[in-house]
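Peer 1: Contents are mmCIF, C-alpha atoms (C1' of nucleotides); file name data_37.cif:
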data_model
#
loop_
_atom_site.label_atom_id
_atom_site.label_comp_id
_atom_site.auth_asym_id
_atom_site.auth_seq_id
_atom_site.Cartn_x
_atom_site.Cartn_y
_atom_site.Cartn_z
CA MET A 767 7.63 97.39 -204.92
CA THR A 768 7.09 97.15 -201.22
CA ALA A 769 4.98 99.91 -199.82
CA PRO A 770 6.55 101.43 -196.72
CA ARG A 771 5.18 99.53 -193.81
CA ARG A 772 3.56 101.71 -191.25
CA ARG A 773 4.68 99.33 -188.59
CA ASP A 774 8.23 98.14 -188.69
CA ALA A 775 10.02 96.98 -185.60
CA GLY A 776 13.41 97.07 -187.30
CA ARG A 777 12.91 100.67 -188.29
CA SER A 778 11.83 101.63 -184.80
CA ARG A 779 14.86 99.90 -183.37
CA ALA A 780 17.14 101.75 -185.74
CA LEU A 781 15.51 105.11 -185.06
CA LEU A 782 15.94 104.59 -181.34
CA LEU A 783 19.55 103.59 -181.82
CA THR A 784 20.57 106.64 -183.82
CA ALA A 785 18.66 109.01 -181.56
CA ALA A 786 20.31 107.42 -178.57
CA THR A 787 23.74 107.60 -180.17
CA ASP A 788 23.34 111.31 -180.80
CA LEU A 789 21.97 112.14 -177.38
CA PHE A 790 24.50 110.05 -175.48
CA ALA A 791 27.26 111.76 -177.45
CA GLU A 792 25.89 115.19 -176.67
CA ARG A 793 24.87 114.87 -173.07
CA GLY A 794 26.28 111.64 -171.77
CA PHE A 795 24.44 108.73 -170.28
CA ASP A 796 23.16 110.24 -167.07
CA ARG A 797 21.72 113.38 -168.57
CA THR A 798 19.91 111.57 -171.32
CA THR A 799 16.47 110.23 -170.46
CA VAL A 800 14.60 107.53 -172.27
CA ARG A 801 11.82 110.03 -172.86
CA ASP A 802 14.26 112.31 -174.67
CA ILE A 803 15.41 109.47 -176.84
CA GLY A 804 11.88 108.48 -177.68
CA GLU A 805 10.94 112.03 -178.54
CA ARG A 806 13.90 112.55 -180.86
CA ALA A 807 13.33 109.21 -182.52
CA GLY A 808 9.62 109.76 -182.86
CA VAL A 809 9.11 106.44 -181.16
CA ASP A 810 7.47 105.55 -177.91
CA PRO A 811 10.11 105.30 -175.17
CA ALA A 812 8.58 102.13 -173.83
CA LEU A 813 9.90 100.36 -176.88
CA ILE A 814 13.41 100.88 -175.58
CA ALA A 815 12.72 98.40 -172.85
CA ARG A 816 11.01 96.08 -175.25
CA TYR A 817 13.67 96.06 -177.96
CA TYR A 818 16.87 96.56 -176.03
CA GLY A 819 16.01 95.49 -172.53
CA GLY A 820 16.55 98.89 -170.99
CA LYS A 821 18.44 102.13 -171.21
CA ALA A 822 21.79 100.67 -170.22
CA GLN A 823 21.66 98.01 -172.90
CA LEU A 824 20.66 100.56 -175.49
CA TYR A 825 23.77 102.46 -174.49
CA LEU A 826 25.84 99.36 -175.03
CA ALA A 827 24.27 98.85 -178.43
CA ALA A 828 25.07 102.44 -179.37
CA LEU A 829 28.63 101.96 -178.24
CA ARG A 830 29.08 98.87 -180.35
CA ALA A 831 27.37 100.40 -183.35
CA GLU A 832 29.83 103.27 -183.39
CA LYS A 833 32.60 100.75 -183.50
CA GLY A 834 33.25 100.24 -187.16
CA GLU A 835 32.61 103.82 -188.05
CA GLU A 836 36.25 104.71 -188.40
CA PRO A 837 39.29 102.52 -188.72
CA PRO A 838 41.27 102.58 -185.51
CA GLU A 839 44.11 104.74 -186.70
CA ASP A 840 46.21 106.13 -183.88
CA LEU A 841 45.87 109.70 -182.68
CA LEU A 842 49.19 110.87 -184.03
CA ALA A 843 48.66 109.61 -187.55
CA PRO A 844 48.70 112.56 -189.94
CA GLY A 845 45.32 114.21 -190.23
CA ARG A 846 43.69 111.96 -187.71
CA LEU A 847 43.68 114.46 -184.88
CA GLY A 848 42.25 117.25 -186.98
CA GLY A 849 39.52 115.07 -188.34
CA LEU A 850 38.63 113.81 -184.93
CA LEU A 851 38.53 117.28 -183.41
CA ASP A 852 36.33 118.44 -186.22
CA ARG A 853 33.91 115.58 -185.90
CA LEU A 854 33.72 115.86 -182.15
CA ALA A 855 33.01 119.56 -182.34
CA ARG A 856 29.93 118.80 -184.39
CA ARG A 857 28.71 115.65 -182.71
CA GLY A 858 29.69 116.19 -179.14
CA PRO A 859 32.41 114.38 -177.24
CA GLY A 860 30.85 110.98 -177.57
CA PRO A 861 30.47 108.25 -175.01
CA ILE A 862 34.04 107.06 -175.14
CA PHE A 863 35.67 110.27 -174.02
CA GLN A 864 33.06 110.79 -171.38
CA ALA A 865 33.83 107.38 -170.04
CA ALA A 866 37.49 108.35 -169.91
CA ALA A 867 36.76 111.11 -167.46
CA ARG A 868 34.01 109.65 -165.36
CA PRO A 869 33.33 106.07 -164.43
CA HIS A 870 29.90 104.59 -164.88
CA ASP A 871 27.90 102.99 -162.13
CA ASP A 872 26.89 99.92 -164.05
CA PRO A 873 29.89 97.59 -164.28
CA ALA A 874 28.85 96.17 -167.65
CA VAL A 875 28.58 99.64 -169.11
CA ARG A 876 31.86 100.72 -167.60
CA ASP A 877 33.73 97.72 -168.91
CA ALA A 878 32.32 98.13 -172.40
CA ALA A 879 33.35 101.76 -172.50
CA ARG A 880 36.81 100.86 -171.29
CA ALA A 881 37.13 98.24 -173.97
CA GLN A 882 36.21 100.76 -176.65
CA LEU A 883 38.71 103.22 -175.27
CA GLU A 884 41.36 100.56 -175.44
CA VAL A 885 40.63 99.35 -178.94
CA ARG A 886 40.06 102.70 -180.56
CA LEU A 887 42.55 104.97 -178.86
CA VAL A 888 44.97 103.64 -176.32
CA GLY A 889 45.92 100.45 -178.12
CA PRO A 890 46.87 102.00 -181.46
CA LEU A 891 48.83 104.75 -179.79
CA GLU A 892 50.70 102.33 -177.61
CA GLU A 893 51.60 100.38 -180.68
CA ARG A 894 52.97 103.48 -182.36
CA PHE A 895 55.03 104.34 -179.32
CA THR A 896 56.36 100.82 -179.12
CA ARG A 897 57.35 100.87 -182.76
CA ALA A 898 59.08 104.19 -182.22
CA GLY A 899 61.03 102.74 -179.32
CA VAL A 900 59.63 105.25 -176.85
CA ASP A 901 60.14 104.53 -173.16
CA ARG A 902 57.06 103.39 -171.20
CA PRO A 903 54.81 103.19 -174.23
CA ARG A 904 51.76 102.05 -172.36
CA LEU A 905 51.86 104.81 -169.78
CA ARG A 906 52.55 107.43 -172.41
CA ALA A 907 49.67 106.24 -174.54
CA GLU A 908 47.22 106.37 -171.65
CA LEU A 909 48.54 109.74 -170.66
CA ALA A 910 48.10 111.14 -174.13
CA VAL A 911 44.59 109.78 -174.50
CA ALA A 912 43.57 111.11 -171.11
CA ALA A 913 44.97 114.53 -171.94
CA PHE A 914 43.24 114.54 -175.28
CA ALA A 915 39.99 113.58 -173.63
CA GLY A 916 40.42 116.55 -171.32
CA VAL A 917 40.83 118.84 -174.29
CA VAL A 918 37.81 117.45 -176.09
CA LEU A 919 35.59 117.53 -173.05
CA GLY A 920 36.82 120.92 -171.93
CA ARG A 921 36.12 122.33 -175.32
CA ASP A 922 32.56 121.14 -175.09
CA ALA A 923 32.06 122.07 -171.47
CA GLY A 924 32.18 125.76 -172.20
CA ALA A 925 34.68 126.45 -169.47
CA PHE A 926 37.46 127.39 -171.87
CA GLU A 927 36.63 130.28 -174.10
CA ALA A 928 39.76 130.47 -176.21
CA LEU A 929 39.88 126.71 -176.56
CA ALA A 930 36.34 126.54 -177.86
CA ALA A 931 36.92 129.41 -180.28
CA ALA A 932 40.29 128.25 -181.54
CA ASP A 933 40.81 127.51 -185.20
CA PRO A 934 40.63 123.75 -185.66
CA GLY A 935 43.80 123.57 -187.68
CA GLU A 936 45.83 125.53 -185.19
CA LEU A 937 44.36 123.54 -182.35
CA ALA A 938 45.21 120.27 -184.01
CA ALA A 939 48.79 121.43 -184.45
CA LEU A 940 49.10 122.49 -180.84
CA VAL A 941 47.60 119.27 -179.54
CA THR A 942 49.80 117.16 -181.76
CA GLU A 943 52.83 118.98 -180.47
CA MET A 944 51.67 118.44 -176.91
CA LEU A 945 50.93 114.75 -177.30
CA ARG A 946 54.08 113.82 -179.16
CA PRO A 947 56.57 112.26 -176.76
CA MET B 319 36.04 125.94 -119.56
CA THR B 320 33.11 125.98 -121.87
CA ALA B 321 31.16 122.79 -121.91
CA PRO B 322 30.55 121.60 -125.47
CA ARG B 323 27.20 122.88 -126.49
CA ARG B 324 24.89 120.13 -127.56
CA ARG B 325 23.29 122.47 -130.05
CA ASP B 326 25.52 124.65 -132.11
CA ALA B 327 24.41 125.98 -135.45
CA GLY B 328 27.91 127.05 -136.40
CA ARG B 329 29.27 123.61 -135.76
CA SER B 330 26.52 121.99 -137.77
CA ARG B 331 27.17 124.38 -140.62
CA ALA B 332 30.85 123.57 -140.58
CA LEU B 333 30.27 119.83 -140.43
CA LEU B 334 27.97 120.04 -143.41
CA LEU B 335 30.46 122.11 -145.31
CA THR B 336 33.38 119.78 -144.84
CA ALA B 337 31.30 116.70 -145.56
CA ALA B 338 30.00 118.34 -148.70
CA THR B 339 33.47 119.39 -149.77
CA ASP B 340 34.73 115.83 -149.48
CA LEU B 341 31.80 114.26 -151.22
CA PHE B 342 31.67 116.77 -154.04
CA ALA B 343 35.37 116.22 -154.60
CA GLU B 344 34.95 112.47 -154.67
CA ARG B 345 31.77 112.03 -156.66
CA GLY B 346 30.93 115.37 -158.18
CA PHE B 347 27.81 117.41 -157.72
CA ASP B 348 25.27 115.21 -159.44
CA ARG B 349 26.19 111.99 -157.76
CA THR B 350 26.20 113.48 -154.31
CA THR B 351 22.87 113.60 -152.51
CA VAL B 352 21.93 115.81 -149.62
CA ARG B 353 21.17 112.68 -147.66
CA ASP B 354 24.72 111.45 -148.19
CA ILE B 355 26.09 114.75 -147.00
CA GLY B 356 23.91 114.73 -143.93
CA GLU B 357 24.89 111.18 -143.09
CA ARG B 358 28.61 111.83 -143.37
CA ALA B 359 28.32 115.02 -141.38
CA GLY B 360 26.12 113.41 -138.74
CA VAL B 361 23.66 116.20 -139.26
CA ASP B 362 20.11 116.19 -140.48
CA PRO B 363 20.07 116.93 -144.23
CA ALA B 364 17.16 119.31 -143.80
CA LEU B 365 19.59 121.73 -142.22
CA ILE B 366 21.30 122.14 -145.57
CA ALA B 367 18.30 123.97 -146.84
CA ARG B 368 18.03 125.96 -143.65
CA TYR B 369 21.65 127.04 -143.42
CA TYR B 370 22.70 127.28 -147.02
CA GLY B 371 19.47 127.61 -148.92
CA GLY B 372 19.86 124.38 -150.82
CA LYS B 373 22.28 121.92 -152.31
CA ALA B 374 23.50 124.22 -155.07
CA GLN B 375 24.36 126.99 -152.66
CA LEU B 376 26.15 124.59 -150.38
CA TYR B 377 28.21 123.61 -153.40
CA LEU B 378 29.05 127.24 -154.00
CA ALA B 379 30.05 127.65 -150.38
CA ALA B 380 32.30 124.60 -150.62
CA LEU B 381 33.87 126.00 -153.76
CA ARG B 382 34.65 129.32 -152.11
CA ALA B 383 35.90 127.68 -148.94
CA GLU B 384 38.49 125.74 -150.88
CA LYS B 385 39.68 128.98 -152.33
CA GLY B 386 42.39 130.14 -149.98
CA GLU B 387 43.67 126.67 -149.32
CA GLU B 388 46.65 126.97 -151.59
CA PRO B 389 48.28 130.00 -153.12
CA PRO B 390 47.52 130.15 -156.81
CA GLU B 391 50.91 129.13 -158.08
CA ASP B 392 50.92 128.13 -161.70
CA LEU B 393 50.98 124.50 -162.79
CA LEU B 394 54.51 124.59 -164.14
CA ALA B 395 56.08 126.03 -161.03
CA PRO B 396 58.59 123.56 -159.61
CA GLY B 397 56.95 121.00 -157.38
CA ARG B 398 53.48 122.31 -157.91
CA LEU B 399 52.38 119.60 -160.28
CA GLY B 400 53.64 116.79 -158.11
CA GLY B 401 51.99 118.19 -155.02
CA LEU B 402 48.74 118.68 -156.83
CA LEU B 403 48.72 115.17 -158.29
CA ASP B 404 49.44 113.76 -154.90
CA ARG B 405 46.70 115.67 -153.20
CA LEU B 406 44.16 114.90 -155.89
CA ALA B 407 44.92 111.20 -155.74
CA ARG B 408 43.96 111.23 -152.09
CA ARG B 409 41.04 113.62 -152.12
CA GLY B 410 39.52 113.00 -155.50
CA PRO B 411 39.58 115.30 -158.48
CA GLY B 412 37.66 118.08 -156.80
CA PRO B 413 34.90 120.24 -158.12
CA ILE B 414 37.09 122.46 -160.24
CA PHE B 415 38.44 119.80 -162.53
CA GLN B 416 35.06 118.20 -162.83
CA ALA B 417 33.66 121.51 -163.93
CA ALA B 418 36.39 121.71 -166.55
CA ALA B 419 35.12 118.58 -168.23
CA ARG B 420 31.41 118.80 -167.74
CA PRO B 421 29.22 121.88 -167.63
CA HIS B 422 26.73 122.31 -164.84
CA ASP B 423 23.07 122.91 -165.34
CA ASP B 424 22.68 125.72 -162.88
CA PRO B 425 24.20 128.87 -164.42
CA ALA B 426 25.25 130.29 -161.08
CA VAL B 427 27.09 127.10 -160.23
CA ARG B 428 28.68 126.89 -163.64
CA ASP B 429 29.92 130.47 -163.53
CA ALA B 430 31.36 130.07 -160.07
CA ALA B 431 33.25 126.96 -161.11
CA ARG B 432 34.54 128.71 -164.19
CA ALA B 433 35.73 131.62 -162.09
CA GLN B 434 37.64 129.27 -159.81
CA LEU B 435 39.20 127.56 -162.77
CA GLU B 436 40.31 130.89 -164.09
CA VAL B 437 41.76 132.24 -160.86
CA ARG B 438 43.46 129.09 -159.69
CA LEU B 439 44.74 127.49 -162.85
CA VAL B 440 44.31 129.19 -166.18
CA GLY B 441 45.17 132.72 -165.10
CA PRO B 442 48.50 131.92 -163.43
CA LEU B 443 49.57 129.73 -166.29
CA GLU B 444 48.68 132.34 -168.85
CA GLU B 445 50.74 134.82 -166.92
CA ARG B 446 53.73 132.50 -166.98
CA PHE B 447 53.40 131.97 -170.70
CA THR B 448 53.09 135.69 -171.30
CA ARG B 449 56.21 136.37 -169.25
CA ALA B 450 58.05 133.71 -171.20
CA GLY B 451 57.01 135.32 -174.46
CA VAL B 452 55.17 132.24 -175.67
CA ASP B 453 52.88 132.64 -178.64
CA ARG B 454 49.11 132.52 -177.94
CA PRO B 455 49.53 132.37 -174.16
CA ARG B 456 45.85 132.30 -173.42
CA LEU B 457 45.06 129.42 -175.72
CA ARG B 458 48.06 127.46 -174.56
CA ALA B 459 47.14 127.97 -170.93
CA GLU B 460 43.60 126.75 -171.47
CA LEU B 461 44.87 123.83 -173.47
CA ALA B 462 47.30 122.80 -170.78
CA VAL B 463 44.72 123.05 -168.02
CA ALA B 464 42.17 121.08 -170.02
CA ALA B 465 44.72 118.39 -170.74
CA PHE B 466 45.76 118.24 -167.12
CA ALA B 467 42.14 117.96 -166.08
CA GLY B 468 41.83 115.02 -168.42
CA VAL B 469 44.77 113.32 -166.78
CA VAL B 470 43.47 113.94 -163.28
CA LEU B 471 39.96 112.79 -164.08
CA GLY B 472 41.11 109.85 -166.12
CA ARG B 473 43.30 108.71 -163.31
CA ASP B 474 40.34 108.72 -160.98
CA ALA B 475 37.88 107.25 -163.45
CA GLY B 476 39.61 103.90 -163.43
CA ALA B 477 39.72 103.68 -167.20
CA PHE B 478 43.50 103.93 -167.36
CA GLU B 479 45.28 101.22 -165.51
CA ALA B 480 48.88 102.25 -166.04
CA LEU B 481 48.03 105.88 -165.42
CA ALA B 482 46.43 105.12 -162.10
CA ALA B 483 49.28 102.89 -161.03
CA ALA B 484 52.09 105.15 -162.17
CA ASP B 485 54.63 106.43 -159.72
CA PRO B 486 53.64 110.00 -158.81
CA GLY B 487 57.09 111.39 -159.37
CA GLU B 488 57.45 109.86 -162.79
CA LEU B 489 53.95 110.94 -163.71
CA ALA B 490 54.63 114.49 -162.66
CA ALA B 491 57.73 114.55 -164.82
CA LEU B 492 55.88 113.22 -167.83
CA VAL B 493 53.01 115.64 -167.43
CA THR B 494 55.34 118.57 -166.98
CA GLU B 495 57.12 117.63 -170.14
CA MET B 496 53.83 117.36 -171.97
CA LEU B 497 52.44 120.66 -170.74
CA ARG B 498 55.53 122.74 -171.33
CA PRO B 499 55.15 124.67 -174.57
"C1'" DG C 107 11.41 128.69 -113.34
"C1'" DA C 108 9.05 130.65 -117.24
"C1'" DC C 109 9.41 132.69 -121.58
"C1'" DG C 110 11.00 133.01 -126.47
"C1'" DG C 111 14.12 132.43 -129.91
"C1'" DA C 112 17.41 129.12 -131.68
"C1'" DT C 113 18.26 124.57 -133.10
"C1'" DG C 114 17.16 119.82 -134.36
"C1'" DT C 115 13.87 116.00 -136.00
"C1'" DC C 116 10.62 114.04 -138.67
"C1'" DA C 117 7.02 113.28 -142.02
"C1'" DT C 118 5.69 114.58 -146.30
"C1'" DC C 119 5.36 116.74 -150.87
"C1'" DA C 120 6.51 117.50 -155.80
"C1'" DT C 121 9.15 116.03 -159.45
"C1'" DG C 122 11.52 113.23 -162.65
"C1'" DC C 123 13.15 108.81 -163.75
"C1'" DG C 124 13.17 103.80 -165.72
"C1'" DT C 125 10.26 100.05 -166.12
"C1'" DG C 126 6.36 96.95 -166.77
"C1'" DG C 127 1.89 95.61 -168.17
"C1'" DA C 128 -2.73 96.20 -170.00
"C1'" DC C 129 -4.88 97.33 -174.00
"C1'" DA C 130 -5.43 98.83 -178.95
"C1'" DT C 131 -4.21 98.49 -183.64
"C1'" DC C 132 -2.08 96.63 -187.61
"C1'" DA C 133 -0.27 92.98 -190.90
"C1'" DT C 134 -0.10 88.54 -192.61
"C1'" DC C 135 -1.84 83.88 -193.55
"C1'" DT C 136 -5.47 80.65 -194.36
"C1'" DA D 810 -13.31 87.55 -193.75
"C1'" DG D 811 -11.45 85.93 -189.62
"C1'" DA D 812 -7.76 84.39 -186.72
"C1'" DT D 813 -3.35 85.32 -184.75
"C1'" DG D 814 0.91 87.16 -183.73
"C1'" DA D 815 3.53 91.44 -184.21
"C1'" DT D 816 3.76 96.16 -183.22
"C1'" DG D 817 2.45 100.52 -181.04
"C1'" DT D 818 0.14 103.42 -177.30
"C1'" DC D 819 -0.77 104.64 -172.89
"C1'" DC D 820 -1.11 104.53 -167.91
"C1'" DA D 821 0.75 103.78 -163.60
"C1'" DC D 822 3.93 101.87 -160.38
"C1'" DG D 823 8.11 102.12 -157.53
"C1'" DC D 824 12.00 104.57 -156.51
"C1'" DA D 825 15.23 108.37 -155.64
"C1'" DT D 826 15.94 113.08 -154.96
"C1'" DG D 827 15.63 118.03 -153.22
"C1'" DA D 828 12.82 120.83 -150.73
"C1'" DT D 829 9.40 122.37 -147.17
"C1'" DG D 830 6.94 122.99 -143.02
"C1'" DA D 831 5.03 121.41 -138.65
"C1'" DC D 832 6.47 119.99 -134.40
"C1'" DA D 833 9.81 118.94 -130.54
"C1'" DT D 834 13.63 120.16 -127.82
"C1'" DC D 835 17.25 122.98 -126.02
"C1'" DC D 836 19.38 127.25 -124.12
"C1'" DG D 837 20.12 131.93 -122.68
"C1'" DT D 838 17.68 135.70 -120.37
"C1'" DC D 839 14.74 137.92 -117.27
#
How does this structure look as structure tokens?
Peer 2:
Amino acid sequence: MTAPRRRDAGRSRALLLTAATDLFAERGFDRTTVRDIGERAGVDPALIARYYGGKAQLYLAALRAEKGEEPPEDLLAPGRLGGLLDRLARRGPGPIFQAAARPHDDPAVRDAARAQLEVRLVGPLEERFTRAGVDRPRLRAELAVAAFAGVVLGRDAGAFEALAAADPGELAALVTEMLRP
Amino acid sequence: MTAPRRRDAGRSRALLLTAATDLFAERGFDRTTVRDIGERAGVDPALIARYYGGKAQLYLAALRAEKGEEPPEDLLAPGRLGGLLDRLARRGPGPIFQAAARPHDDPAVRDAARAQLEVRLVGPLEERFTRAGVDRPRLRAELAVAAFAGVVLGRDAGAFEALAAADPGELAALVTEMLRP
DNA sequence: GACGGATGTCATCATGCGTGGACATCATCT
DNA sequence: AGATGATGTCCACGCATGATGACATCCGTC
């Protein structure tokens, strides 16, 4: 059997990636420092530059890694909204929703976040609306996703007391009702 | 007639305040620097500390100054949504909506923003819902405001192409339909 | 016109950030 | 065992930001 190597670049890379994923989801890109990431990962922050090329590229890697985590079912599929709300309440709003509300400085980062938003949320919803024969499916899909992002972010921001305290099931029902065209 | 005084503390204060109001509305608190404010105002940034006590307190002053600008009519009052969307498209999302999506570090700043959100948006809407006999008026009001904030911010963030390009009238109609319980 | 407070200007400090490089330590191969 | 590349540690730089205080300049008053 292979004894656990005390030095393992792959392991360090992975630790940095998961720590970064968590912190970016909780606090967003700007409010997360490479020193924070290193501390949570138990890895020297300088290795971020070495292994990923910098903070921005680590962010991109985290974004892509989250990709396959859940099949891109659309927001109005049964149960999807509740599950998403539940997960986001535990893990924080995540990079994608934050990107929906505030543009990034770095163009590469901004474009990547936009692409994720498209693939995971807007696209599927537009497809549903199109299938249902709804008028202006694209606009309605973007509108719904933006509104949902507002709910998710607002819930986390602490500015809405009742929203944060609401029962997840009831909230999911209300949001579904609101988003349905 | 009074010759324009070359040195006028009141004028400098006012210039700083309006410049800060604009910049905070456009970029938010974090991405606005005191040097930016000073440059736009044509006033030395050091005077921010002198006249307001610091950047955070200038932000508070800007928040309070915006207060009486519009009577707190609720979001679903006829014409209100369209007017608001129009104004926000020109001036940027403003500090209040940004605070709805992202909490501030400074507790004083955060509380002030929350108070504004309550007085100007959530409170009036809750009152309307209560009058209409809607179930869970508080929760529904917070939900609607959060969703609307998402739309406003998303429109400005550049992540939603169709949303940003949508005709204001049509958008207002769609949002009204979405927000109505 | 001289005084003193008000107002403006400038240099500088303290802090936190991302990044890079020098150096140390480990693991593997011969 | 020794050589060599991989991996980890640490320090320090450069930069941006908010804040502060010393100094200069203006203006109303006597």
Peer 1: Between atom CA of Val875 of chain A and atom CA of Arg779 of chain A, what is the spacing in Å?
Peer 2: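 Those two atoms sit 19.8 Å apart.
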Peer 1: Once the PyMOL selection byres ((chain A and resi 893) around 12) has been applied to the shown file, what residues remain in the selection, as a PyMOL selection string?
Peer 2: chain A and resi 838-843+884-892+894-900+902-908
Peer 1: Under the PyMOL selection byres ((chain B) within 8 of (chain D)), which residues of this model are included? Write them out as a list in words.
Peer 2: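 Answer for the PyMOL selection byres ((chain B) within 8 of (chain D)): Arg325, Thr351, Val352, Ala367, Gly372 and Lys373 of chain B.
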Peer 1: Using Å and a single decimal, report how far atom CA of Arg358 of chain B sits from atom C1' of DG111 of chain C.
Peer 2: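 So the answer is 28.6 Å.
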Peer 1: I'd like the residues picked by the PyMOL selection byres ((chain C) within 9 of (chain A)) written out as a VMD selection string, using the chain letters and numbers from the file.
Peer 2: chain C and resid 123 to 126 132 to 133
Peer 1: Can I get the residues of chain B within 7 Å of chain A, each with the closest pair of atoms and their distance in Å to one decimal, using all atoms listed in the file, sorted chain first then ascending number, as JSON lines?
Peer 2:
{"residue": "B:Ala418", "atom": "CA", "partner": "A:Gly920", "partner_atom": "CA", "distance": 5.5}
{"residue": "B:Ala419", "atom": "CA", "partner": "A:Gly920", "partner_atom": "CA", "distance": 4.7}
{"residue": "B:Arg420", "atom": "CA", "partner": "A:Ala923", "partner_atom": "CA", "distance": 5.0}
{"residue": "B:Pro421", "atom": "CA", "partner": "A:Ala923", "partner_atom": "CA", "distance": 4.8}
{"residue": "B:Arg432", "atom": "CA", "partner": "A:Ala925", "partner_atom": "CA", "distance": 5.7}
{"residue": "B:Arg456", "atom": "CA", "partner": "A:Ala928", "partner_atom": "CA", "distance": 6.9}
{"residue": "B:Leu457", "atom": "CA", "partner": "A:Ala928", "partner_atom": "CA", "distance": 5.4}
{"residue": "B:Glu460", "atom": "CA", "partner": "A:Phe926", "partner_atom": "CA", "distance": 6.2}
{"residue": "B:Leu461", "atom": "CA", "partner": "A:Val917", "partner_atom": "CA", "distance": 6.5}
{"residue": "B:Ala464", "atom": "CA", "partner": "A:Val917", "partner_atom": "CA", "distance": 5.0}
{"residue": "B:Ala465", "atom": "CA", "partner": "A:Ala913", "partner_atom": "CA", "distance": 4.0}
{"residue": "B:Phe466", "atom": "CA", "partner": "A:Ala913", "partner_atom": "CA", "distance": 6.1}
{"residue": "B:Ala467", "atom": "CA", "partner": "A:Gly916", "partner_atom": "CA", "distance": 5.7}
{"residue": "B:Gly468", "atom": "CA", "partner": "A:Gly916", "partner_atom": "CA", "distance": 3.6}
{"residue": "B:Val469", "atom": "CA", "partner": "A:Ala912", "partner_atom": "CA", "distance": 5.0}
{"residue": "B:Leu471", "atom": "CA", "partner": "A:Ala867", "partner_atom": "CA", "distance": 4.9}
{"residue": "B:Gly472", "atom": "CA", "partner": "A:Ala867", "partner_atom": "CA", "distance": 4.7}
{"residue": "B:Ala475", "atom": "CA", "partner": "A:Pro869", "partner_atom": "CA", "distance": 4.8}
{"residue": "B:Gly476", "atom": "CA", "partner": "A:Pro869", "partner_atom": "CA", "distance": 6.7}
{"residue": "B:Ala477", "atom": "CA", "partner": "A:Arg880", "partner_atom": "CA", "distance": 5.8}
{"residue": "B:Phe478", "atom": "CA", "partner": "A:Glu908", "partner_atom": "CA", "distance": 6.2}
{"residue": "B:Ala480", "atom": "CA", "partner": "A:Leu905", "partner_atom": "CA", "distance": 5.4}
{"residue": "B:Leu481", "atom": "CA", "partner": "A:Leu905", "partner_atom": "CA", "distance": 5.9}
{"residue": "B:Met496", "atom": "CA", "partner": "A:Met944", "partner_atom": "CA", "distance": 5.5}
{"residue": "B:Leu497", "atom": "CA", "partner": "A:Met944", "partner_atom": "CA", "distance": 6.6}
Peer 1: As an exercise, work out the distance from atom CA of Phe342 of chain B to atom CA of Gly412 of chain B in Å and give it to one decimal place.
Peer 2: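 Separation of atom CA of Phe342 of chain B and atom CA of Gly412 of chain B: 6.7 Å.
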